[in-house]
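The data block below is run28.cif; it holds mmCIF, C-alpha atoms; chains and numbers go by the auth columns.
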data_model
#
loop_
_atom_site.group_PDB
_atom_site.id
_atom_site.type_symbol
_atom_site.label_atom_id
_atom_site.label_comp_id
_atom_site.label_asym_id
_atom_site.label_seq_id
_atom_site.Cartn_x
_atom_site.Cartn_y
_atom_site.Cartn_z
_atom_site.B_iso_or_equiv
_atom_site.auth_seq_id
_atom_site.auth_asym_id
ATOM 1 C CA MET A 1 -63.232 -69.900 -151.294 0.00 61 N
ATOM 2 C CA THR A 2 -60.930 -67.473 -153.024 0.00 62 N
ATOM 3 C CA THR A 3 -59.598 -69.513 -155.938 0.00 63 N
ATOM 4 C CA LEU A 4 -59.270 -67.259 -158.996 0.00 64 N
ATOM 5 C CA LYS A 5 -61.437 -68.742 -161.715 0.00 65 N
ATOM 6 C CA SER A 6 -60.032 -69.470 -165.140 0.00 66 N
ATOM 7 C CA PRO A 7 -62.450 -69.504 -168.078 0.00 67 N
ATOM 8 C CA ILE A 8 -64.260 -72.725 -168.967 0.00 68 N
ATOM 9 C CA SER A 9 -62.690 -72.700 -172.444 0.00 69 N
ATOM 10 C CA SER A 10 -59.221 -73.219 -170.960 0.00 70 N
ATOM 11 C CA ARG A 11 -60.406 -76.160 -168.857 0.00 71 N
ATOM 12 C CA VAL A 12 -62.176 -78.301 -171.456 0.00 72 N
ATOM 13 C CA LEU A 13 -60.497 -81.723 -171.467 0.00 73 N
ATOM 14 C CA TYR A 14 -62.772 -83.294 -174.084 0.00 74 N
ATOM 15 C CA GLU A 15 -65.769 -82.221 -176.119 0.00 75 N
ATOM 16 C CA ASP A 16 -67.879 -83.582 -178.955 0.00 76 N
ATOM 17 C CA ASN A 17 -71.558 -83.417 -179.902 0.00 77 N
ATOM 18 C CA HIS A 18 -72.503 -85.716 -177.027 0.00 78 N
ATOM 19 C CA LEU A 19 -70.214 -85.026 -174.073 0.00 79 N
ATOM 20 C CA ILE A 20 -68.087 -82.351 -172.468 0.00 80 N
ATOM 21 C CA ILE A 21 -65.483 -83.007 -169.777 0.00 81 N
ATOM 22 C CA ILE A 22 -64.207 -80.104 -167.679 0.00 82 N
ATOM 23 C CA ASN A 23 -61.300 -79.742 -165.263 0.00 83 N
ATOM 24 C CA LYS A 24 -63.195 -78.522 -162.194 0.00 84 N
ATOM 25 C CA LEU A 25 -61.622 -76.007 -159.834 0.00 85 N
ATOM 26 C CA PRO A 26 -61.723 -76.757 -156.093 0.00 86 N
ATOM 27 C CA SER A 27 -63.898 -73.686 -155.512 0.00 87 N
ATOM 28 C CA GLU A 28 -66.733 -74.774 -157.797 0.00 88 N
ATOM 29 C CA ILE A 29 -69.968 -76.552 -157.007 0.00 89 N
ATOM 30 C CA VAL A 30 -71.169 -78.946 -159.697 0.00 90 N
ATOM 31 C CA GLN A 31 -74.889 -78.338 -159.190 0.00 91 N
ATOM 32 C CA GLY A 32 -76.839 -75.638 -157.384 0.00 92 N
ATOM 33 C CA ASP A 33 -77.099 -75.834 -153.599 0.00 93 N
ATOM 34 C CA LYS A 34 -78.253 -73.741 -150.641 0.00 94 N
ATOM 35 C CA THR A 35 -75.302 -71.340 -151.048 0.00 95 N
ATOM 36 C CA GLY A 36 -76.892 -69.902 -154.177 0.00 96 N
ATOM 37 C CA ASP A 37 -73.468 -69.800 -155.872 0.00 97 N
ATOM 38 C CA LEU A 38 -73.405 -70.245 -159.634 0.00 98 N
ATOM 39 C CA PRO A 39 -72.839 -73.971 -160.304 0.00 99 N
ATOM 40 C CA LEU A 40 -70.435 -75.358 -162.879 0.00 100 N
ATOM 41 C CA SER A 41 -73.340 -76.971 -164.751 0.00 101 N
ATOM 42 C CA GLU A 42 -74.776 -73.502 -165.462 0.00 102 N
ATOM 43 C CA GLU A 43 -71.369 -72.119 -166.452 0.00 103 N
ATOM 44 C CA VAL A 44 -70.980 -74.966 -168.942 0.00 104 N
ATOM 45 C CA LYS A 45 -74.417 -74.161 -170.387 0.00 105 N
ATOM 46 C CA GLU A 46 -73.346 -70.563 -170.935 0.00 106 N
ATOM 47 C CA PHE A 47 -70.070 -71.697 -172.498 0.00 107 N
ATOM 48 C CA ILE A 48 -71.900 -73.962 -174.970 0.00 108 N
ATOM 49 C CA ARG A 49 -74.506 -71.286 -175.738 0.00 109 N
ATOM 50 C CA ASP A 50 -71.807 -68.711 -176.488 0.00 110 N
ATOM 51 C CA LYS A 51 -69.456 -71.036 -178.373 0.00 111 N
ATOM 52 C CA TYR A 52 -72.114 -72.351 -180.748 0.00 112 N
ATOM 53 C CA ASN A 53 -74.355 -69.275 -180.724 0.00 113 N
ATOM 54 C CA LYS A 54 -77.302 -71.367 -179.550 0.00 114 N
ATOM 55 C CA PRO A 55 -80.558 -69.525 -178.875 0.00 115 N
ATOM 56 C CA GLY A 56 -82.829 -70.663 -176.058 0.00 116 N
ATOM 57 C CA ASN A 57 -82.154 -73.375 -173.532 0.00 117 N
ATOM 58 C CA VAL A 58 -79.036 -75.559 -173.654 0.00 118 N
ATOM 59 C CA PHE A 59 -79.009 -79.094 -172.259 0.00 119 N
ATOM 60 C CA THR A 60 -76.258 -80.174 -169.865 0.00 120 N
ATOM 61 C CA GLY A 61 -76.773 -83.324 -167.827 0.00 121 N
ATOM 62 C CA VAL A 62 -74.536 -83.983 -164.847 0.00 122 N
ATOM 63 C CA ILE A 63 -73.248 -87.570 -165.028 0.00 123 N
ATOM 64 C CA HIS A 64 -71.370 -87.682 -161.729 0.00 124 N
ATOM 65 C CA ARG A 65 -70.353 -85.276 -158.991 0.00 125 N
ATOM 66 C CA ILE A 66 -67.220 -84.090 -157.223 0.00 126 N
ATOM 67 C CA ASP A 67 -67.250 -82.473 -153.775 0.00 127 N
ATOM 68 C CA ARG A 68 -66.838 -78.700 -153.824 0.00 128 N
ATOM 69 C CA PRO A 69 -63.294 -78.610 -152.318 0.00 129 N
ATOM 70 C CA VAL A 70 -62.100 -81.317 -154.757 0.00 130 N
ATOM 71 C CA SER A 71 -60.680 -80.594 -158.220 0.00 131 N
ATOM 72 C CA GLY A 72 -60.457 -82.555 -161.444 0.00 132 N
ATOM 73 C CA ALA A 73 -62.213 -84.211 -164.349 0.00 133 N
ATOM 74 C CA ILE A 74 -65.996 -84.119 -164.416 0.00 134 N
ATOM 75 C CA ALA A 75 -68.183 -85.252 -167.314 0.00 135 N
ATOM 76 C CA MET A 76 -71.466 -83.783 -168.491 0.00 136 N
ATOM 77 C CA ALA A 77 -73.797 -84.861 -171.274 0.00 137 N
ATOM 78 C CA LYS A 78 -74.871 -82.488 -174.025 0.00 138 N
ATOM 79 C CA THR A 79 -77.910 -84.565 -175.026 0.00 139 N
ATOM 80 C CA GLY A 80 -80.535 -86.564 -173.179 0.00 140 N
ATOM 81 C CA LYS A 81 -79.529 -89.685 -175.104 0.00 141 N
ATOM 82 C CA ALA A 82 -75.903 -89.364 -174.003 0.00 142 N
ATOM 83 C CA LEU A 83 -76.967 -88.754 -170.399 0.00 143 N
ATOM 84 C CA THR A 84 -79.133 -91.898 -170.333 0.00 144 N
ATOM 85 C CA ARG A 85 -76.333 -94.028 -171.747 0.00 145 N
ATOM 86 C CA MET A 86 -73.690 -92.560 -169.457 0.00 146 N
ATOM 87 C CA ASN A 87 -75.956 -93.125 -166.453 0.00 147 N
ATOM 88 C CA GLU A 88 -76.122 -96.789 -167.467 0.00 148 N
ATOM 89 C CA LEU A 89 -72.323 -96.872 -167.634 0.00 149 N
ATOM 90 C CA VAL A 90 -72.160 -95.431 -164.128 0.00 150 N
ATOM 91 C CA LYS A 91 -74.545 -98.105 -162.819 0.00 151 N
ATOM 92 C CA LYS A 92 -72.470 -100.856 -164.436 0.00 152 N
ATOM 93 C CA ARG A 93 -69.252 -99.287 -163.097 0.00 153 N
ATOM 94 C CA GLY A 94 -68.088 -98.780 -166.656 0.00 154 N
ATOM 95 C CA ILE A 95 -66.264 -95.516 -165.950 0.00 155 N
ATOM 96 C CA LYS A 96 -62.744 -95.913 -164.573 0.00 156 N
ATOM 97 C CA LYS A 97 -62.069 -93.086 -162.119 0.00 157 N
ATOM 98 C CA ILE A 98 -58.545 -92.402 -160.910 0.00 158 N
ATOM 99 C CA TYR A 99 -57.880 -89.874 -158.153 0.00 159 N
ATOM 100 C CA TRP A 100 -54.734 -88.412 -156.670 0.00 160 N
ATOM 101 C CA ALA A 101 -54.672 -87.624 -152.969 0.00 161 N
ATOM 102 C CA ILE A 102 -51.952 -85.889 -150.960 0.00 162 N
ATOM 103 C CA VAL A 103 -51.770 -87.176 -147.387 0.00 163 N
ATOM 104 C CA GLN A 104 -49.476 -86.331 -144.495 0.00 164 N
ATOM 105 C CA ASN A 105 -49.121 -89.860 -143.109 0.00 165 N
ATOM 106 C CA ARG A 106 -47.558 -92.783 -144.946 0.00 166 N
ATOM 107 C CA PRO A 107 -50.051 -95.657 -145.225 0.00 167 N
ATOM 108 C CA LYS A 108 -49.006 -98.917 -143.562 0.00 168 N
ATOM 109 C CA SER A 109 -49.069 -100.739 -146.900 0.00 169 N
ATOM 110 C CA PRO A 110 -47.717 -99.143 -150.096 0.00 170 N
ATOM 111 C CA GLU A 111 -50.762 -100.476 -151.944 0.00 171 N
ATOM 112 C CA ALA A 112 -53.995 -102.144 -150.879 0.00 172 N
ATOM 113 C CA GLU A 113 -57.688 -102.575 -151.461 0.00 173 N
ATOM 114 C CA LEU A 114 -59.848 -100.852 -148.869 0.00 174 N
ATOM 115 C CA LYS A 115 -63.310 -102.206 -148.138 0.00 175 N
ATOM 116 C CA HIS A 116 -65.437 -100.440 -145.546 0.00 176 N
ATOM 117 C CA TYR A 117 -69.070 -99.884 -144.707 0.00 177 N
ATOM 118 C CA LEU A 118 -70.042 -96.240 -144.904 0.00 178 N
ATOM 119 C CA ILE A 119 -72.853 -94.474 -143.125 0.00 179 N
ATOM 120 C CA ARG A 120 -73.818 -90.993 -144.246 0.00 180 N
ATOM 121 C CA TYR A 121 -74.821 -88.409 -141.644 0.00 181 N
ATOM 122 C CA PRO A 122 -76.644 -85.661 -143.605 0.00 182 N
ATOM 123 C CA LYS A 123 -76.853 -83.156 -140.750 0.00 183 N
ATOM 124 C CA LYS A 124 -73.061 -83.145 -140.489 0.00 184 N
ATOM 125 C CA ASN A 125 -72.574 -83.631 -144.251 0.00 185 N
ATOM 126 C CA LYS A 126 -70.153 -86.400 -143.374 0.00 186 N
ATOM 127 C CA SER A 127 -69.719 -90.135 -143.846 0.00 187 N
ATOM 128 C CA ILE A 128 -68.019 -92.504 -141.419 0.00 188 N
ATOM 129 C CA ALA A 129 -66.302 -95.716 -142.511 0.00 189 N
ATOM 130 C CA TYR A 130 -66.679 -98.839 -140.392 0.00 190 N
ATOM 131 C CA ASP A 131 -64.890 -102.178 -140.609 0.00 191 N
ATOM 132 C CA THR A 132 -68.089 -104.212 -140.278 0.00 192 N
ATOM 133 C CA ASP A 133 -71.501 -104.040 -141.905 0.00 193 N
ATOM 134 C CA LYS A 134 -74.014 -101.918 -140.014 0.00 194 N
ATOM 135 C CA ALA A 135 -77.632 -100.929 -140.427 0.00 195 N
ATOM 136 C CA ASP A 136 -78.059 -98.348 -143.228 0.00 196 N
ATOM 137 C CA SER A 137 -74.429 -98.689 -144.306 0.00 197 N
ATOM 138 C CA LYS A 138 -73.261 -99.011 -147.904 0.00 198 N
ATOM 139 C CA GLU A 139 -70.165 -100.884 -148.955 0.00 199 N
ATOM 140 C CA GLY A 140 -67.310 -98.716 -150.185 0.00 200 N
ATOM 141 C CA VAL A 141 -64.408 -100.200 -152.117 0.00 201 N
ATOM 142 C CA LEU A 142 -61.286 -98.577 -153.536 0.00 202 N
ATOM 143 C CA THR A 143 -57.703 -99.488 -154.282 0.00 203 N
ATOM 144 C CA TYR A 144 -54.733 -97.232 -153.658 0.00 204 N
ATOM 145 C CA LYS A 145 -51.007 -97.225 -154.222 0.00 205 N
ATOM 146 C CA LEU A 146 -48.287 -94.931 -152.973 0.00 206 N
ATOM 147 C CA ILE A 147 -46.733 -93.302 -156.043 0.00 207 N
ATOM 148 C CA GLY A 148 -44.740 -90.360 -154.692 0.00 208 N
ATOM 149 C CA GLU A 149 -43.462 -88.498 -151.675 0.00 209 N
ATOM 150 C CA SER A 150 -42.051 -85.126 -150.697 0.00 210 N
ATOM 151 C CA SER A 151 -40.310 -84.133 -147.493 0.00 211 N
ATOM 152 C CA ASN A 152 -43.636 -83.909 -145.622 0.00 212 N
ATOM 153 C CA TYR A 153 -46.341 -85.513 -147.766 0.00 213 N
ATOM 154 C CA PHE A 154 -47.229 -88.646 -149.691 0.00 214 N
ATOM 155 C CA LEU A 155 -49.049 -88.971 -153.016 0.00 215 N
ATOM 156 C CA LEU A 156 -51.604 -91.773 -153.365 0.00 216 N
ATOM 157 C CA GLU A 157 -53.199 -92.903 -156.614 0.00 217 N
ATOM 158 C CA ILE A 158 -56.700 -94.203 -155.997 0.00 218 N
ATOM 159 C CA GLU A 159 -59.123 -96.132 -158.167 0.00 219 N
ATOM 160 C CA LEU A 160 -62.731 -95.883 -157.050 0.00 220 N
ATOM 161 C CA LYS A 161 -64.683 -99.109 -157.309 0.00 221 N
ATOM 162 C CA THR A 162 -67.880 -97.685 -155.778 0.00 222 N
ATOM 163 C CA GLY A 163 -69.200 -94.141 -155.606 0.00 223 N
ATOM 164 C CA ARG A 164 -70.279 -93.330 -152.060 0.00 224 N
ATOM 165 C CA HIS A 165 -70.684 -89.965 -150.348 0.00 225 N
ATOM 166 C CA HIS A 166 -67.221 -88.649 -149.343 0.00 226 N
ATOM 167 C CA GLN A 167 -65.921 -92.177 -149.892 0.00 227 N
ATOM 168 C CA ILE A 168 -62.225 -91.481 -150.468 0.00 228 N
ATOM 169 C CA ARG A 169 -62.127 -88.907 -147.696 0.00 229 N
ATOM 170 C CA ALA A 170 -63.783 -91.218 -145.166 0.00 230 N
ATOM 171 C CA GLN A 171 -61.820 -94.343 -146.091 0.00 231 N
ATOM 172 C CA LEU A 172 -58.419 -92.639 -146.041 0.00 232 N
ATOM 173 C CA ALA A 173 -59.270 -91.065 -142.696 0.00 233 N
ATOM 174 C CA LYS A 174 -60.202 -94.526 -141.409 0.00 234 N
ATOM 175 C CA ILE A 175 -56.689 -95.853 -142.135 0.00 235 N
ATOM 176 C CA GLY A 176 -55.038 -92.831 -140.523 0.00 236 N
ATOM 177 C CA CYS A 177 -54.305 -90.938 -143.738 0.00 237 N
ATOM 178 C CA PRO A 178 -56.631 -87.915 -143.880 0.00 238 N
ATOM 179 C CA ILE A 179 -56.245 -85.811 -147.005 0.00 239 N
ATOM 180 C CA LYS A 180 -54.216 -82.616 -146.729 0.00 240 N
ATOM 181 C CA GLY A 181 -56.518 -79.702 -145.884 0.00 241 N
ATOM 182 C CA ASP A 182 -59.522 -81.898 -145.052 0.00 242 N
ATOM 183 C CA LEU A 183 -60.399 -80.633 -141.567 0.00 243 N
ATOM 184 C CA LYS A 184 -63.718 -82.500 -141.606 0.00 244 N
ATOM 185 C CA TYR A 185 -61.870 -85.824 -141.763 0.00 245 N
ATOM 186 C CA GLY A 186 -59.005 -85.161 -139.417 0.00 246 N
ATOM 187 C CA ALA A 187 -56.401 -83.058 -141.229 0.00 247 N
ATOM 188 C CA PRO A 188 -54.556 -80.826 -138.724 0.00 248 N
ATOM 189 C CA ARG A 189 -54.995 -77.611 -140.738 0.00 249 N
ATOM 190 C CA SER A 190 -56.813 -76.278 -143.761 0.00 250 N
ATOM 191 C CA ASN A 191 -55.414 -75.317 -147.151 0.00 251 N
ATOM 192 C CA LYS A 192 -55.230 -71.566 -147.755 0.00 252 N
ATOM 193 C CA ASP A 193 -57.900 -71.639 -150.480 0.00 253 N
ATOM 194 C CA ALA A 194 -60.230 -73.954 -148.497 0.00 254 N
ATOM 195 C CA SER A 195 -59.584 -76.768 -150.977 0.00 255 N
ATOM 196 C CA ILE A 196 -58.587 -80.279 -150.015 0.00 256 N
ATOM 197 C CA SER A 197 -55.713 -82.012 -151.799 0.00 257 N
ATOM 198 C CA LEU A 198 -57.871 -84.531 -153.645 0.00 258 N
ATOM 199 C CA HIS A 199 -57.937 -84.430 -157.434 0.00 259 N
ATOM 200 C CA ALA A 200 -59.945 -86.440 -159.980 0.00 260 N
ATOM 201 C CA ARG A 201 -56.931 -87.233 -162.131 0.00 261 N
ATOM 202 C CA SER A 202 -58.488 -89.220 -164.985 0.00 262 N
ATOM 203 C CA LEU A 203 -61.655 -90.671 -166.476 0.00 263 N
ATOM 204 C CA GLU A 204 -61.730 -93.583 -168.914 0.00 264 N
ATOM 205 C CA PHE A 205 -64.750 -95.185 -170.573 0.00 265 N
ATOM 206 C CA ILE A 206 -66.215 -96.434 -173.832 0.00 266 N
ATOM 207 C CA HIS A 207 -68.006 -93.578 -175.567 0.00 267 N
ATOM 208 C CA PRO A 208 -71.775 -94.219 -175.358 0.00 268 N
ATOM 209 C CA VAL A 209 -72.396 -93.272 -178.997 0.00 269 N
ATOM 210 C CA LYS A 210 -69.077 -93.586 -180.846 0.00 270 N
ATOM 211 C CA LYS A 211 -68.138 -96.813 -179.009 0.00 271 N
ATOM 212 C CA GLU A 212 -64.466 -95.798 -178.877 0.00 272 N
ATOM 213 C CA ASN A 213 -62.254 -95.628 -175.795 0.00 273 N
ATOM 214 C CA ILE A 214 -62.055 -92.174 -174.239 0.00 274 N
ATOM 215 C CA LYS A 215 -59.461 -91.253 -171.631 0.00 275 N
ATOM 216 C CA VAL A 216 -58.839 -87.787 -170.251 0.00 276 N
ATOM 217 C CA VAL A 217 -56.189 -86.691 -167.765 0.00 277 N
ATOM 218 C CA ALA A 218 -56.765 -83.528 -165.729 0.00 278 N
ATOM 219 C CA PRO A 219 -53.819 -81.349 -164.619 0.00 279 N
ATOM 220 C CA PRO A 220 -53.964 -80.657 -160.856 0.00 280 N
ATOM 221 C CA PRO A 221 -54.464 -77.103 -159.546 0.00 281 N
ATOM 222 C CA LYS A 222 -51.637 -74.597 -159.800 0.00 282 N
ATOM 223 C CA ASP A 223 -49.968 -75.136 -156.454 0.00 283 N
ATOM 224 C CA PRO A 224 -46.285 -75.745 -155.607 0.00 284 N
ATOM 225 C CA LEU A 225 -46.915 -79.133 -153.962 0.00 285 N
ATOM 226 C CA TRP A 226 -49.103 -80.417 -156.778 0.00 286 N
ATOM 227 C CA GLU A 227 -46.559 -79.138 -159.295 0.00 287 N
ATOM 228 C CA PHE A 228 -43.779 -80.978 -157.443 0.00 288 N
ATOM 229 C CA PHE A 229 -45.657 -84.263 -157.664 0.00 289 N
ATOM 230 C CA VAL A 230 -46.572 -83.780 -161.335 0.00 290 N
ATOM 231 C CA GLU A 231 -42.980 -82.960 -162.241 0.00 291 N
ATOM 232 C CA ASN A 232 -41.478 -85.885 -160.372 0.00 292 N
ATOM 233 C CA TYR A 233 -44.092 -88.642 -160.446 0.00 293 N
ATOM 234 C CA SER A 234 -46.508 -88.279 -163.358 0.00 294 N
#

Please rewrite the model in this file as structure tokens.
Amino acid sequence: MTTLKSPISSRVLYEDNHLIIINKLPSEIVQGDKTGDLPLSEEVKEFIRDKYNKPGNVFTGVIHRIDRPVSGAIAMAKTGKALTRMNELVKKRGIKKIYWAIVQNRPKSPEAELKHYLIRYPKKNKSIAYDTDKADSKEGVLTYKLIGESSNYFLLEIELKTGRHHQIRAQLAKIGCPIKGDLKYGAPRSNKDASISLHARSLEFIHPVKKENIKVVAPPPKDPLWEFFVENYS
């Protein structure tokens, strides 16, 4: 991927003593993988170490993940206590996650709840959504609504109810609306930067320590189509 990286400092959406939320670029991996590329979690450690002049090791706990070609808001914990409490929030579905997806096909219904049964195929790094329950499947639930359109594309706002592998990508493909650039799930062509047009638009939750409502909204990547939708429909 060739996306030009902007510094972490310019992409911090929220930070306090307990948490840091970053606007992830579509080129970044959240945690280390077989590519050996520097993960965002390590970049955030370096940012914290430099900003606060901290000697030695810095703690950053990944609370949730976003696929490498996807952009948007991702939260990390700065303490073990915050990580434990945020993990509990995740289990209880206490984090409201809103995504934006650009698709080429108009969905049959302008808004709906999608419920499928997803099976993950690790060798292909892909999940397939089925209409009926199958062995080894996990239920995936989301709601979407059509909130914008251009001459060739449609903007969907999605709320994730469950967090399955490639869930949004697989479920939208199942209803005939693969995400722009997502060759793996049926898009006709890739995006120039190897991204897919899926963006974690916002996170909302009750702070695990301060007990106050936190909501962050992440600007989409700098791209003419994203900018069109932000200007006209946000």

Contacts of Tyr204 in chain N at 8 Å (only C-alpha atoms; same-chain gap of 5+ positions) as a PyMOL selection string: chain N and resi 171-174+216-219

Take the selection from the previous step and output its residues with C-alpha atoms, as a compact mmCIF listing (two decimals), in the frame of the given file.
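So the final result, stored in selection15.txt, reads:
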# COMPACT_ATOMS: atom_id res chain seq x y z
CA GLU N 171 -50.76 -100.48 -151.94
CA ALA N 172 -54.00 -102.14 -150.88
CA GLU N 173 -57.69 -102.58 -151.46
CA LEU N 174 -59.85 -100.85 -148.87
CA LEU N 216 -51.60 -91.77 -153.36
CA GLU N 217 -53.20 -92.90 -156.61
CA ILE N 218 -56.70 -94.20 -156.00
CA GLU N 219 -59.12 -96.13 -158.17

Given the PyMOL selection byres ((chain N and resi 239) around 6), the residues it picks as a PyMOL selection string: chain N and resi 162-163+238+240+242

Would you kindly translate the PyMOL selection byres ((chain N and resi 66-80) around 10) into the concrete residues it picks from this file, as a JSON list (two decimals) with C-alpha atoms, in the frame of the given file?
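Done, and the output landed in selection.json:
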[["chain", "number", "residue", "atom", "x", "y", "z"],
["N", 63, "THR", "CA", -59.60, -69.51, -155.94],
["N", 64, "LEU", "CA", -59.27, -67.26, -159.00],
["N", 65, "LYS", "CA", -61.44, -68.74, -161.72],
["N", 81, "ILE", "CA", -65.48, -83.01, -169.78],
["N", 82, "ILE", "CA", -64.21, -80.10, -167.68],
["N", 83, "ASN", "CA", -61.30, -79.74, -165.26],
["N", 84, "LYS", "CA", -63.20, -78.52, -162.19],
["N", 85, "LEU", "CA", -61.62, -76.01, -159.83],
["N", 100, "LEU", "CA", -70.44, -75.36, -162.88],
["N", 103, "GLU", "CA", -71.37, -72.12, -166.45],
["N", 104, "VAL", "CA", -70.98, -74.97, -168.94],
["N", 106, "GLU", "CA", -73.35, -70.56, -170.94],
["N", 107, "PHE", "CA", -70.07, -71.70, -172.50],
["N", 108, "ILE", "CA", -71.90, -73.96, -174.97],
["N", 111, "LYS", "CA", -69.46, -71.04, -178.37],
["N", 120, "THR", "CA", -76.26, -80.17, -169.86],
["N", 121, "GLY", "CA", -76.77, -83.32, -167.83],
["N", 123, "ILE", "CA", -73.25, -87.57, -165.03],
["N", 132, "GLY", "CA", -60.46, -82.56, -161.44],
["N", 133, "ALA", "CA", -62.21, -84.21, -164.35],
["N", 134, "ILE", "CA", -66.00, -84.12, -164.42],
["N", 135, "ALA", "CA", -68.18, -85.25, -167.31],
["N", 136, "MET", "CA", -71.47, -83.78, -168.49],
["N", 137, "ALA", "CA", -73.80, -84.86, -171.27],
["N", 138, "LYS", "CA", -74.87, -82.49, -174.02],
["N", 139, "THR", "CA", -77.91, -84.56, -175.03],
["N", 140, "GLY", "CA", -80.54, -86.56, -173.18],
["N", 141, "LYS", "CA", -79.53, -89.68, -175.10],
["N", 142, "ALA", "CA", -75.90, -89.36, -174.00],
["N", 143, "LEU", "CA", -76.97, -88.75, -170.40],
["N", 146, "MET", "CA", -73.69, -92.56, -169.46],
["N", 267, "HIS", "CA", -68.01, -93.58, -175.57],
["N", 268, "PRO", "CA", -71.78, -94.22, -175.36],
["N", 269, "VAL", "CA", -72.40, -93.27, -179.00],
["N", 270, "LYS", "CA", -69.08, -93.59, -180.85],
["N", 274, "ILE", "CA", -62.06, -92.17, -174.24],
["N", 275, "LYS", "CA", -59.46, -91.25, -171.63],
["N", 276, "VAL", "CA", -58.84, -87.79, -170.25],
["N", 277, "VAL", "CA", -56.19, -86.69, -167.76],
["N", 278, "ALA", "CA", -56.76, -83.53, -165.73],
["N", 279, "PRO", "CA", -53.82, -81.35, -164.62]]

Taking 2 positions as the minimum chain separation for residues in the same chain, which residues sit within 12 Å of Ser210 in chain N when counting all atoms listed in the file? Answer as an mmCIF file with C-alpha atoms, in the coordinates of the input.
data_model
loop_
_atom_site.group_PDB
_atom_site.id
_atom_site.type_symbol
_atom_site.label_atom_id
_atom_site.label_comp_id
_atom_site.auth_asym_id
_atom_site.auth_seq_id
_atom_site.Cartn_x
_atom_site.Cartn_y
_atom_site.Cartn_z
ATOM 1 C CA ILE N 162 -51.952 -85.889 -150.960
ATOM 2 C CA VAL N 163 -51.770 -87.176 -147.387
ATOM 3 C CA GLN N 164 -49.476 -86.331 -144.495
ATOM 4 C CA ASN N 165 -49.121 -89.860 -143.109
ATOM 5 C CA ARG N 166 -47.558 -92.783 -144.946
ATOM 6 C CA LEU N 206 -48.287 -94.931 -152.973
ATOM 7 C CA ILE N 207 -46.733 -93.302 -156.043
ATOM 8 C CA GLY N 208 -44.740 -90.360 -154.692
ATOM 9 C CA ASN N 212 -43.636 -83.909 -145.622
ATOM 10 C CA TYR N 213 -46.341 -85.513 -147.766
ATOM 11 C CA PHE N 214 -47.229 -88.646 -149.691
ATOM 12 C CA LEU N 215 -49.049 -88.971 -153.016
ATOM 13 C CA LEU N 216 -51.604 -91.773 -153.365
ATOM 14 C CA PRO N 284 -46.285 -75.745 -155.607
ATOM 15 C CA LEU N 285 -46.915 -79.133 -153.962
ATOM 16 C CA TRP N 286 -49.103 -80.417 -156.778
ATOM 17 C CA GLU N 287 -46.559 -79.138 -159.295
ATOM 18 C CA PHE N 288 -43.779 -80.978 -157.443
ATOM 19 C CA PHE N 289 -45.657 -84.263 -157.664
ATOM 20 C CA VAL N 290 -46.572 -83.780 -161.335
ATOM 21 C CA GLU N 291 -42.980 -82.960 -162.241
ATOM 22 C CA ASN N 292 -41.478 -85.885 -160.372
ATOM 23 C CA TYR N 293 -44.092 -88.642 -160.446
#

Computed interatomic separation between CA of Lys157 in chain N and CA of Ser262 in chain N (Å): 6.0 Å

8 Å contact set for Pro167 in chain N, all atoms listed in the file, chain neighbours under 5 positions out, as a PyMOL selection string: chain N and resi 206+235-237

Reference answer for the PyMOL selection byres ((chain N and resi 197) around 10), as number ranges by chain: N: 176-180, 187-190, 192-196, 198-200

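Closest approach to Leu258 in chain N among N:Leu232, N:Ile89, N:Val122, N:Val130 is made by N:Val130 (distances from all atoms listed in the file).
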
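A straight line drawn from CA of Pro281 in chain N to CA of Pro86 in chain N is 8.0 Å long.
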
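Here CA of Lys184 in chain N stands at a distance of 9.4 Å from CA of Lys244 in chain N.
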
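For the choices N:Lys105, N:His124, N:Lys205, N:Arg224, the atom-to-atom distance to Glu148 in chain N is smallest for N:His124 when using only C-alpha atoms.
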
Enclose the full set of atoms of range 241-249 of chain N listed in the file within a box whose edges lie along x, y and z, apply 5 Å of padding to each of the six sides, and report centre and edge lengths in Å to one decimal as JSON.
{"center_x": -59.1, "center_y": -81.7, "center_z": -142.3, "size_x": 19.2, "size_y": 18.2, "size_z": 17.2}

Option closest in space to His259 in chain N, from N:Ile126, N:Val150, N:Ile155, N:Val201 [counting all atoms listed in the file]: N:Ile126
